[in-house]
file target_10.txt (compact mmCIF, C-alpha atoms and all ligand atoms)
# COMPACT_ATOMS: atom_id res chain seq x y z
CA MET A 1 33.19 -41.74 -8.60
CA THR A 2 30.97 -41.60 -5.55
CA GLY A 3 32.68 -38.39 -4.44
CA SER A 4 32.19 -36.60 -7.76
CA SER A 5 28.51 -37.64 -8.03
CA ALA A 6 28.01 -36.30 -4.49
CA VAL A 7 29.51 -32.98 -5.60
CA ILE A 8 27.23 -32.88 -8.63
CA ARG A 9 24.22 -33.70 -6.45
CA THR A 10 25.17 -30.93 -4.02
CA ARG A 11 25.57 -28.50 -6.88
CA SER A 12 22.20 -29.38 -8.36
CA TRP A 13 20.57 -28.87 -4.95
CA THR A 14 22.31 -25.50 -4.66
CA VAL A 15 21.05 -24.50 -8.11
CA LEU A 16 17.53 -25.61 -7.17
CA LEU A 17 17.67 -23.73 -3.88
CA LEU A 18 18.97 -20.58 -5.54
CA GLY A 19 16.23 -20.91 -8.12
CA MET A 20 13.61 -21.10 -5.40
CA LEU A 21 15.02 -18.09 -3.59
CA THR A 22 15.12 -16.08 -6.81
CA ALA A 23 11.56 -17.05 -7.63
CA ALA A 24 10.42 -15.69 -4.26
CA SER A 25 12.22 -12.38 -4.62
CA PRO A 26 10.47 -9.24 -5.92
CA ALA A 27 13.16 -8.85 -8.58
CA ALA A 28 12.08 -12.11 -10.16
CA PHE A 29 8.47 -10.97 -10.02
CA ALA A 30 9.38 -7.76 -11.80
CA ALA A 31 10.73 -9.94 -14.62
CA ASP A 32 7.15 -11.23 -14.92
CA CYS A 33 6.03 -7.66 -15.54
CA PRO A 34 6.45 -7.46 -19.32
CA GLY A 35 7.97 -4.23 -20.52
CA HIS A 36 8.55 -2.99 -16.97
CA PRO A 37 11.78 -4.51 -15.69
CA ASP A 38 11.97 -1.90 -12.94
CA ALA A 39 8.48 -2.60 -11.59
CA LEU A 40 7.87 -2.79 -7.86
CA GLY A 41 5.77 -5.93 -8.28
CA THR A 42 3.74 -7.79 -5.68
CA SER A 43 5.95 -9.72 -3.31
CA ARG A 44 3.38 -12.14 -1.91
CA THR A 45 -0.28 -13.02 -1.59
CA LEU A 46 -1.76 -13.12 1.90
CA VAL A 47 -4.83 -15.32 2.26
CA VAL A 48 -7.07 -14.14 5.09
CA ASP A 49 -10.09 -15.75 6.73
CA PRO A 50 -12.39 -12.78 7.40
CA ARG A 51 -14.08 -14.59 10.30
CA GLU A 52 -10.89 -15.15 12.26
CA HIS A 53 -9.96 -11.47 12.53
CA PRO A 54 -13.18 -9.52 11.89
CA ARG A 55 -11.90 -5.96 12.45
CA ILE A 56 -8.56 -4.73 11.14
CA GLY A 57 -6.70 -1.45 10.77
CA THR A 58 -4.95 0.32 13.64
CA MET A 59 -6.56 3.67 12.87
CA GLN A 60 -9.52 2.22 14.77
CA TYR A 61 -8.90 -1.34 15.87
CA ARG A 62 -6.46 -3.35 17.91
CA GLU A 63 -5.57 -5.71 15.09
CA THR A 64 -4.31 -5.18 11.57
CA LEU A 65 -3.13 -7.43 8.76
CA PRO A 66 -0.26 -9.78 9.68
CA LEU A 67 2.33 -7.92 7.64
CA LYS A 68 6.06 -8.14 8.05
CA ASP A 69 8.23 -5.07 8.41
CA HIS A 70 8.31 -3.01 5.19
CA GLU A 71 5.21 -4.67 3.77
CA VAL A 72 2.38 -2.49 2.42
CA VAL A 73 -1.19 -3.16 1.30
CA LEU A 74 -2.67 -0.57 -1.06
CA THR A 75 -6.41 0.12 -0.86
CA PHE A 76 -8.59 2.37 -3.03
CA ASP A 77 -12.06 3.57 -2.03
CA ASP A 78 -15.12 5.15 -3.63
CA GLY A 79 -14.85 3.92 -7.24
CA PRO A 80 -15.17 2.79 -9.83
CA LEU A 81 -15.16 6.11 -11.62
CA PRO A 82 -13.86 5.54 -15.17
CA LYS A 83 -11.90 8.76 -15.54
CA TYR A 84 -9.62 8.13 -12.58
CA SER A 85 -10.10 4.42 -11.76
CA ASN A 86 -8.84 3.47 -15.24
CA GLN A 87 -5.70 5.55 -14.73
CA VAL A 88 -5.10 3.97 -11.32
CA LEU A 89 -5.50 0.54 -12.94
CA GLU A 90 -2.95 1.43 -15.62
CA ILE A 91 -0.42 2.63 -13.06
CA LEU A 92 -0.85 -0.50 -10.93
CA ALA A 93 -0.60 -2.74 -14.03
CA SER A 94 2.62 -1.04 -15.12
CA GLU A 95 4.09 -1.90 -11.70
CA CYS A 96 2.49 -5.36 -11.47
CA ILE A 97 0.86 -4.35 -8.19
CA LYS A 98 -2.30 -5.97 -6.85
CA ALA A 99 -4.48 -3.89 -4.53
CA THR A 100 -7.84 -3.98 -2.74
CA PHE A 101 -10.71 -1.79 -3.98
CA PHE A 102 -13.76 -0.83 -1.90
CA THR A 103 -16.46 0.08 -4.39
CA ILE A 104 -19.66 2.06 -3.92
CA GLY A 105 -22.92 0.46 -5.08
CA SER A 106 -24.12 3.52 -6.95
CA GLN A 107 -20.80 3.74 -8.79
CA ALA A 108 -20.98 0.06 -9.71
CA LYS A 109 -24.55 0.58 -10.90
CA ALA A 110 -23.50 3.50 -13.10
CA ASN A 111 -20.27 1.86 -14.28
CA PRO A 112 -20.48 -1.96 -14.08
CA GLU A 113 -17.69 -2.26 -16.65
CA GLY A 114 -15.40 -0.54 -14.12
CA VAL A 115 -16.03 -3.31 -11.59
CA ARG A 116 -15.30 -5.99 -14.20
CA LYS A 117 -12.00 -4.26 -15.02
CA LEU A 118 -10.93 -4.44 -11.36
CA VAL A 119 -11.70 -8.15 -11.24
CA ALA A 120 -10.08 -8.83 -14.63
CA ALA A 121 -6.88 -7.14 -13.45
CA GLY A 122 -6.75 -9.55 -10.52
CA HIS A 123 -7.41 -7.05 -7.75
CA THR A 124 -9.45 -7.82 -4.64
CA VAL A 125 -12.84 -6.13 -4.69
CA GLY A 126 -14.82 -5.42 -1.52
CA THR A 127 -17.57 -2.85 -0.93
CA HIS A 128 -18.05 0.53 0.70
CA SER A 129 -21.88 0.97 0.98
CA MET A 130 -24.49 2.01 -1.58
CA THR A 131 -24.36 5.82 -1.44
CA HIS A 132 -21.38 6.58 0.81
CA PRO A 133 -23.27 8.17 3.72
CA LEU A 134 -21.02 9.74 6.36
CA THR A 135 -23.58 8.95 9.06
CA MET A 136 -23.36 5.19 9.54
CA ASN A 137 -22.27 5.78 13.13
CA ARG A 138 -25.69 7.23 13.97
CA MET A 139 -28.21 5.98 11.43
CA PRO A 140 -30.82 3.35 12.35
CA ILE A 141 -29.40 -0.12 11.90
CA ASP A 142 -31.97 -1.11 9.27
CA LYS A 143 -30.89 1.82 7.13
CA ALA A 144 -27.22 0.92 7.64
CA GLU A 145 -27.97 -2.65 6.61
CA ALA A 146 -29.70 -1.39 3.45
CA GLU A 147 -26.58 0.67 2.65
CA ILE A 148 -24.32 -2.35 3.12
CA ASN A 149 -26.55 -4.67 1.12
CA GLY A 150 -27.07 -2.17 -1.70
CA GLY A 151 -23.33 -1.87 -2.18
CA ILE A 152 -22.89 -5.64 -2.20
CA GLU A 153 -25.85 -6.18 -4.51
CA TRP A 154 -24.78 -3.72 -7.21
CA THR A 155 -21.09 -4.55 -7.08
CA SER A 156 -21.67 -8.30 -7.34
CA ALA A 157 -24.32 -7.74 -10.05
CA ALA A 158 -21.67 -5.97 -12.12
CA MET A 159 -19.35 -8.98 -11.91
CA THR A 160 -19.39 -11.79 -14.45
CA ASP A 161 -18.75 -14.13 -11.53
CA PRO A 162 -20.32 -12.70 -8.32
CA SER A 163 -18.29 -15.13 -6.21
CA LYS A 164 -15.31 -12.88 -6.99
CA LEU A 165 -16.67 -10.32 -4.52
CA ALA A 166 -14.49 -10.42 -1.41
CA PRO A 167 -16.27 -10.41 1.99
CA VAL A 168 -14.56 -7.20 3.08
CA PHE A 169 -16.18 -3.84 3.82
CA ARG A 170 -14.91 -0.39 4.70
CA ILE A 171 -17.36 1.91 6.48
CA PRO A 172 -17.67 5.26 4.65
CA GLY A 173 -15.68 7.96 6.40
CA LEU A 174 -14.66 5.22 8.90
CA MET A 175 -17.78 6.24 10.87
CA ARG A 176 -17.95 2.98 12.77
CA ALA A 177 -20.68 1.83 15.13
CA ASP A 178 -21.01 -1.37 17.13
CA GLY A 179 -24.32 -2.28 15.46
CA VAL A 180 -22.88 -1.85 11.97
CA GLU A 181 -19.81 -3.93 12.77
CA ASP A 182 -21.91 -6.62 14.46
CA TYR A 183 -24.12 -6.91 11.39
CA LEU A 184 -21.14 -7.19 9.03
CA ILE A 185 -19.40 -9.74 11.23
CA SER A 186 -22.59 -11.80 11.57
CA ARG A 187 -22.49 -12.13 7.79
CA GLY A 188 -18.84 -13.19 7.76
CA ILE A 189 -17.71 -9.84 6.35
CA GLN A 190 -14.41 -8.43 7.57
CA VAL A 191 -14.43 -4.74 8.59
CA TRP A 192 -11.43 -2.89 7.18
CA SER A 193 -10.23 0.35 8.62
CA ALA A 194 -6.67 1.32 7.64
CA ASP A 195 -3.30 1.92 9.26
CA PHE A 196 -2.79 5.35 7.67
CA PRO A 197 -4.45 7.60 5.11
CA ALA A 198 -2.74 10.07 2.76
CA ASP A 199 -5.54 12.68 2.96
CA ASP A 200 -6.09 12.45 -0.80
CA TRP A 201 -9.75 13.51 -0.43
CA ARG A 202 -8.69 16.86 1.01
CA HIS A 203 -7.82 19.87 -1.12
CA VAL A 204 -4.09 19.26 -1.01
CA SER A 205 -1.51 18.94 -3.77
CA PRO A 206 -0.48 15.57 -5.21
CA ASP A 207 2.93 16.19 -3.72
CA ARG A 208 1.36 16.53 -0.26
CA VAL A 209 -0.47 13.22 -0.78
CA TYR A 210 2.85 11.61 -1.68
CA GLN A 211 4.59 13.12 1.37
CA LEU A 212 1.85 12.05 3.79
CA ALA A 213 1.74 8.52 2.38
CA ILE A 214 5.48 8.03 2.80
CA GLN A 215 5.79 9.86 6.15
CA ARG A 216 2.97 7.91 7.77
CA LEU A 217 4.18 4.61 6.36
CA GLU A 218 7.69 5.30 7.62
CA ALA A 219 6.28 6.11 11.06
CA LYS A 220 4.64 2.67 11.33
CA GLY A 221 7.04 0.68 9.16
CA LYS A 222 4.28 -1.31 7.45
CA GLY A 223 0.52 -1.36 7.04
CA ILE A 224 -2.61 -0.65 5.05
CA LEU A 225 -2.56 2.61 3.06
CA LEU A 226 -5.95 4.24 2.42
CA LEU A 227 -6.28 5.97 -0.98
CA HIS A 228 -9.13 6.87 -3.35
CA ASP A 229 -9.38 5.98 -7.05
CA ILE A 230 -11.73 8.89 -7.78
CA GLN A 231 -9.27 11.74 -7.26
CA ALA A 232 -7.00 13.41 -9.81
CA ARG A 233 -4.44 14.13 -7.08
CA THR A 234 -4.24 10.43 -6.22
CA VAL A 235 -3.60 9.54 -9.86
CA ALA A 236 -0.90 12.20 -9.97
CA ALA A 237 0.72 11.09 -6.70
CA LEU A 238 0.56 7.32 -7.17
CA PRO A 239 3.55 6.79 -9.51
CA LYS A 240 5.77 8.81 -7.19
CA ILE A 241 4.53 6.91 -4.13
CA ILE A 242 5.28 3.59 -5.82
CA ARG A 243 8.76 4.70 -6.94
CA GLU A 244 9.54 5.82 -3.39
CA LEU A 245 8.25 2.54 -1.92
CA LYS A 246 10.66 0.68 -4.16
CA ALA A 247 13.56 3.03 -3.34
CA ARG A 248 12.96 2.54 0.39
CA GLY A 249 12.76 -1.23 0.14
CA TYR A 250 9.02 -1.70 0.72
CA HIS A 251 7.12 -4.69 -0.65
CA ILE A 252 3.52 -4.89 -1.82
CA VAL A 253 1.28 -7.59 -0.39
CA HIS A 254 -1.93 -8.67 -2.11
CA VAL A 255 -4.69 -9.75 0.28
CA VAL A 256 -7.28 -12.28 -0.85
CA PRO A 257 -10.06 -13.98 1.14
CA ALA A 258 -9.79 -17.63 2.10
CA THR A 259 -12.06 -20.07 0.29
CA PRO A 260 -12.59 -23.85 0.68
CA ASP A 261 -9.94 -24.35 -2.04
CA ARG A 262 -7.62 -21.65 -0.74
CA PRO A 263 -6.87 -21.94 2.98
CA ALA A 264 -5.77 -18.93 5.00
CA THR A 265 -2.06 -18.22 5.27
CA PRO A 266 -0.97 -19.65 8.66
CA THR A 267 -0.38 -16.88 11.20
CA THR A 268 -0.08 -16.50 14.95
CA PRO A 269 -2.35 -14.08 16.90
CA VAL A 270 0.53 -11.79 17.77
CA GLU A 271 1.28 -11.18 14.08
CA TRP A 272 -2.07 -9.37 13.86
CA LEU A 273 -0.77 -6.62 16.09
CA LEU A 274 1.07 -3.80 14.33
CA HIS A 275 3.86 -3.86 16.86
CA PRO A 276 3.75 -7.05 18.91
CA PRO A 277 4.70 -6.48 22.54
CA THR A 278 8.26 -7.28 23.52
CA GLU A 279 9.15 -9.14 26.71
CA THR A 280 9.20 -5.91 28.69
CA THR A 281 6.20 -3.97 27.39
CA PRO A 282 3.44 -6.17 28.85
CA ILE A 283 4.81 -5.36 32.30
CA ALA A 284 4.70 -1.66 31.54
CA ARG A 285 1.09 -1.98 30.42
CA TRP A 286 -0.07 -4.18 33.28
CA PRO A 287 -2.92 -2.51 35.11
CA VAL A 288 -2.28 -1.11 38.56
CA VAL A 289 -3.18 -3.41 41.41
CA PRO A 290 -6.62 -2.44 42.64
CA HIS A 291 -6.90 -0.97 46.13
CA PHE A 292 -8.29 -3.60 48.46
CA VAL A 293 -10.81 -1.94 50.68
CA PHE A 294 -12.06 -4.07 53.53
CA THR A 295 -14.89 -2.95 55.67
CA GLN A 296 -13.52 -4.60 58.80
CA THR A 297 -9.79 -4.02 58.59
CA ALA A 298 -9.66 -3.67 62.35
CA THR A 299 -10.38 -7.42 62.73
CA LEU A 300 -7.50 -8.50 60.48
CA PRO A 301 -4.88 -10.16 62.68
CA ALA A 302 -1.26 -9.49 61.78
CA PRO A 303 0.49 -12.72 60.71
CA ASP A 304 3.43 -13.85 62.69
CA LEU A 305 6.76 -14.14 60.89
CA ALA A 306 6.79 -17.82 61.84
CA ASP A 307 3.63 -18.27 59.79
CA LEU A 308 5.54 -17.29 56.67
CA ASN A 309 7.86 -20.27 56.99
CA ALA A 310 10.78 -17.91 57.16
CA GLN A 311 14.14 -19.49 56.37
CA THR A 312 15.78 -16.82 58.46
CA ALA A 313 14.41 -13.76 60.12
CA ARG A 314 16.11 -11.57 57.48
CA GLN A 315 15.24 -13.64 54.42
CA PRO A 316 11.63 -14.81 54.37
CA GLN A 317 10.47 -16.91 51.41
CA LEU A 318 8.59 -14.98 48.79
CA LEU A 319 5.91 -17.63 48.42
CA PRO A 320 5.32 -19.16 51.84
CA HIS A 321 3.76 -22.56 52.30
CA LYS A 322 0.31 -22.34 53.69
CA THR A 323 0.30 -23.22 57.36
CA MET A 324 -2.56 -24.05 59.65
CA ALA A 325 -2.12 -20.65 61.27
CA GLN A 326 -2.55 -18.93 57.90
CA ALA A 327 -5.61 -21.00 57.12
CA ASP A 328 -7.10 -19.69 60.35
CA ILE A 329 -6.23 -16.14 59.40
CA ALA A 330 -7.83 -16.60 55.99
CA ALA A 331 -10.98 -17.79 57.67
CA THR A 332 -11.21 -14.56 59.60
CA LEU A 333 -10.64 -12.32 56.58
CA PRO A 334 -13.74 -10.53 55.40
CA ALA A 335 -14.67 -11.59 51.85
CA PRO A 336 -14.14 -8.85 49.30
CA GLY A 337 -17.13 -7.71 47.30
CA ARG A 338 -18.15 -9.88 44.37
CA ASP A 339 -17.52 -7.11 41.84
CA LEU A 340 -14.01 -6.34 43.12
CA PHE A 341 -12.35 -8.29 40.32
CA ALA A 342 -14.94 -7.52 37.65
CA ILE A 343 -13.35 -5.88 34.65
CA PRO A 344 -15.39 -2.86 33.59
CA GLU A 345 -16.90 -3.07 30.14
CA GLY A 346 -14.59 -1.73 27.46
CA SER A 347 -11.46 -2.00 29.56
CA VAL A 348 -10.23 -5.03 27.58
CA GLU A 349 -9.73 -2.81 24.56
CA VAL A 350 -8.07 -0.19 26.72
CA LEU A 351 -5.59 -2.69 28.13
CA LEU A 352 -4.80 -4.20 24.76
CA SER A 353 -4.71 -1.00 22.78
CA THR A 354 -1.23 0.30 22.08
CA THR A 355 -1.60 3.84 23.35
CA LEU A 356 -5.20 5.02 23.09
CA SER A 357 -8.52 3.61 24.04
CA ARG A 358 -10.55 2.24 21.18
CA ARG A 359 -13.06 5.04 21.49
CA ALA A 360 -10.38 7.72 21.53
CA ALA A 361 -8.65 6.10 18.56
CA THR A 362 -11.96 6.01 16.72
CA ARG A 363 -12.52 9.70 17.44
CA LEU A 364 -9.08 10.52 16.05
CA ALA A 365 -9.63 8.35 13.01
CA MET A 366 -13.00 10.01 12.37
CA ALA A 367 -11.44 13.41 12.68
CA ALA A 368 -8.72 12.41 10.25
CA GLU A 369 -11.16 10.93 7.73
CA ALA A 370 -13.88 13.60 8.10
CA PRO A 371 -12.15 16.75 9.27
CA HIS A 372 -15.38 18.80 9.45
CA ALA A 373 -17.34 16.32 11.54
CA GLY A 374 -18.32 17.29 15.06
CA LYS A 375 -17.43 20.97 14.84
CA GLY A 376 -20.87 22.46 15.09
CA LYS A 377 -23.86 22.66 12.85
CA ALA A 378 -22.36 25.11 10.37
CA SER A 379 -19.33 22.96 9.71
CA ARG A 380 -21.47 19.86 9.56
CA MET A 381 -23.54 21.51 6.86
CA GLN A 382 -20.34 22.40 5.09
CA ALA A 383 -19.16 18.83 5.43
CA ARG A 384 -22.42 17.64 3.94
CA ARG A 385 -21.90 19.88 0.94
CA THR A 386 -18.29 18.79 0.49
CA PRO A 387 -18.01 15.33 2.05
CA ALA A 388 -14.66 14.10 3.31
CA HIS A 389 -14.08 11.91 0.30
CA ALA A 390 -17.31 12.31 -1.52
CA ALA A 391 -18.50 10.13 -4.31
CA PRO A 392 -19.07 12.16 -7.47
CA ALA A 393 -22.36 13.81 -8.33
CA HIS A 394 -24.21 10.85 -9.79
CA ALA A 395 -23.60 8.84 -6.65
CA ALA A 396 -24.97 11.64 -4.50
CA GLN A 397 -28.09 11.74 -6.64
CA VAL A 398 -29.12 8.28 -5.49
CA LYS A 399 -31.64 9.06 -2.79
CA SER A 400 -31.47 7.40 0.58
CA ALA A 401 -34.03 4.73 1.18
CA ALA A 402 -35.52 6.32 4.30
CA PRO A 403 -36.06 9.90 5.48
CA ARG A 404 -33.80 11.32 8.18
CA PRO A 405 -34.87 9.71 11.46
CA THR A 406 -35.86 11.73 14.48
CA ARG A 407 -35.07 9.09 17.11
CA LEU A 408 -31.33 9.16 16.64
CA ALA A 409 -30.52 10.40 20.12
CA THR A 410 -32.44 7.58 21.77
CA SER A 411 -30.92 4.82 19.65
CA VAL A 412 -27.41 6.13 20.15
CA LYS A 413 -27.94 6.41 23.88
CA LYS A 414 -29.22 2.85 24.07
CA ARG A 415 -26.11 1.48 22.41
CA ALA A 416 -23.63 3.64 24.29
ZN ZN B 1 -15.00 6.52 1.06

call {"tool": "encode", "arguments": {"input": "target_10.txt", "output": "structure tokens", "more": "lines below"}}
Ligand SMILES: [Zn+2]
result
Amino acid sequence: MTGSSAVIRTRSWTVLLLGMLTAASPAAFAADCPGHPDALGTSRTLVVDPREHPRIGTMQYRETLPLKDHEVVLTFDDGPLPKYSNQVLEILASECIKATFFTIGSQAKANPEGVRKLVAAGHTVGTHSMTHPLTMNRMPIDKAEAEINGGIEWTSAAMTDPSKLAPVFRIPGLMRADGVEDYLISRGIQVWSADFPADDWRHVSPDRVYQLAIQRLEAKGKGILLLHDIQARTVAALPKIIRELKARGYHIVHVVPATPDRPATPTTPVEWLLHPPTETTPIARWPVVPHFVFTQTATLPAPDLADLNAQTARQPQLLPHKTMAQADIAATLPAPGRDLFAIPEGSVEVLLSTTLSRRAATRLAMAAEAPHAGKGKASRMQARRTPAHAAPAHAAQVKSAAPRPTRLATSVKKRA
């Protein structure tokens, strides 16, 4: 009797456990996608406290979202633009995928219904400035703040419940600047770069967008994909990208901000690195020992082997006990300069960065996002006419609040 009830109890636990495992699997989620049994689905929701990790995305920063291998976060910039944003929403709905949208204030102003659709579909909505200027890296900070606040104001105004606006921001063209980031962070807003783009703002085919998205994801194994919901080629490429993600065993993660009722998903600091260092890599990255330059080397007495508490003459201890003789030697050593051990500004990022310095990585990211930038006046003019991932005409018509400043060089120099 006791034995059989134990068996039954074990079986019921097994059924319960299997049920829990099935519920957590993407396949079960796809079943919750009515009419789309083959949907990719959203495998999990990641709750993030924007203040704990204020800058993310390895295209520019040291940290990125704490994703597991084969996890992807989809992001869409520059909308809402009904013609294409609605199609993107339909594609995502048919796959039960939740994404993050970075809207432009002028777009939200022109199409508030588009913002409400994003929220109603359960996506995360952050902002991307008021008019999408590609100059936030060199504009006066008060103008940059007006851009940030305009985007927030018009996007939240379009929402039925403004508290739905997520405190996340992506700088247009990824043209980052310390002052801009500092302002955002001071307001508790998380700065999102990305881990890889698919160049869908460039004049390439939808198939090229698909190829780049998959190739770059495969190269990193996981991460934040940067797309745009205002491009026909993105709409055309998206279904194929999603099908390929499923075929290759990738999972979609939905990121939402932490609130008092919704605590952040517990993570460890190392999970915020794209590829956490192994036991051997920190040694490889350890900085070279600085050269000790003493001004009075001639006065340094050579220690006697006896001072090292040698066990034998052949096998001295690696870490000798300090003897009186050594203490005397130490007293005669000239003191090294106070700044000998000072770490130069910026070198922290260099040491912690995977391969490139933060500034170099930023330059690369800028070049990738705005391919015309920094190639002379003519190309800059060209870039201005056809911005990297320009908002459509009505967004461009919104005039900037202030005229082009003439003291750019000075302000940039001061911050550098
Ligand atoms: Zn953009």

call {"tool": "residues_near_ligand", "arguments": {"input": "target_10.txt", "ligand": "ligand ZN 1 (chain B)", "cutoff": "10 Å", "atoms": "all atoms listed in the file", "output": "PyMOL selection string"}}
result
chain A and resi 76-79+102-104+127-129+131-134+170-174+201+226-230+369+387-391

call {"tool": "closest_residue", "arguments": {"input": "target_10.txt", "among": "A:Gly105, A:Pro80, A:Pro197, A:Pro277", "to": "A:Ile214", "atoms": "only C-alpha atoms"}}
result
A:Pro197

call {"tool": "atom_distance", "arguments": {"input": "target_10.txt", "atom1": "atom CA of A:Val209", "atom2": "atom CA of A:Ala237"}}
result
6.4 Å

call {"tool": "closest_residue", "arguments": {"input": "target_10.txt", "among": "A:Ile152, A:Met159, A:Leu81, A:Ile224", "to": "A:Thr64", "atoms": "only C-alpha atoms"}}
result
A:Ile224

call {"tool": "residues_near_point", "arguments": {"input": "target_10.txt", "point": "(-8.1, -14.2, 1.5)", "cutoff": "7 Å", "atoms": "only C-alpha atoms", "output": "count of residues only"}}
result
9

call {"tool": "residues_around", "arguments": {"input": "target_10.txt", "residues": "A:Lys98", "least_positions_apart": "3", "cutoff": "12 Å", "atoms": "all atoms listed in the file", "output": "PyMOL selection string"}}
result
chain A and resi 40-46+72-76+88-95+101+118-125+251-256

call {"tool": "write_last_selection", "arguments": {"input": "target_10.txt", "atoms": "C-alpha atoms", "output": "tab-separated table (two decimals), in the coordinates of the input"}}
result
chain	number	residue	atom	x	y	z
A	40	LEU	CA	7.87	-2.79	-7.86
A	41	GLY	CA	5.77	-5.93	-8.28
A	42	THR	CA	3.74	-7.79	-5.68
A	43	SER	CA	5.95	-9.72	-3.31
A	44	ARG	CA	3.38	-12.14	-1.91
A	45	THR	CA	-0.28	-13.02	-1.59
A	46	LEU	CA	-1.76	-13.12	1.90
A	72	VAL	CA	2.38	-2.49	2.42
A	73	VAL	CA	-1.19	-3.16	1.30
A	74	LEU	CA	-2.67	-0.57	-1.06
A	75	THR	CA	-6.41	0.12	-0.86
A	76	PHE	CA	-8.59	2.37	-3.03
A	88	VAL	CA	-5.10	3.97	-11.32
A	89	LEU	CA	-5.50	0.54	-12.94
A	90	GLU	CA	-2.95	1.43	-15.62
A	91	ILE	CA	-0.42	2.63	-13.06
A	92	LEU	CA	-0.85	-0.50	-10.93
A	93	ALA	CA	-0.60	-2.74	-14.03
A	94	SER	CA	2.62	-1.04	-15.12
A	95	GLU	CA	4.09	-1.90	-11.70
A	101	PHE	CA	-10.71	-1.79	-3.98
A	118	LEU	CA	-10.93	-4.44	-11.36
A	119	VAL	CA	-11.70	-8.15	-11.24
A	120	ALA	CA	-10.08	-8.83	-14.63
A	121	ALA	CA	-6.88	-7.14	-13.45
A	122	GLY	CA	-6.75	-9.55	-10.52
A	123	HIS	CA	-7.41	-7.05	-7.75
A	124	THR	CA	-9.45	-7.82	-4.64
A	125	VAL	CA	-12.84	-6.13	-4.69
A	251	HIS	CA	7.12	-4.69	-0.65
A	252	ILE	CA	3.52	-4.89	-1.82
A	253	VAL	CA	1.28	-7.59	-0.39
A	254	HIS	CA	-1.93	-8.67	-2.11
A	255	VAL	CA	-4.69	-9.75	0.28
A	256	VAL	CA	-7.28	-12.28	-0.85

call {"tool": "residues_around", "arguments": {"input": "target_10.txt", "residues": "A:Thr268", "least_positions_apart": "3", "cutoff": "12 Å", "atoms": "only C-alpha atoms", "output": "number ranges by chain"}}
result
A: 52-53, 65-67, 264-265, 271-273, 276

call {"tool": "residues_around", "arguments": {"input": "target_10.txt", "residues": "A:Leu274", "least_positions_apart": "6", "cutoff": "10 Å", "atoms": "all atoms listed in the file", "output": "list in words"}}
result
Gly57, Thr58, Arg62, Glu63, Thr64, Leu65, Pro66, Leu67, Lys68, Asp69, Asp195, Lys220, Gly221, Lys222, Gly223 and Thr354 of chain A
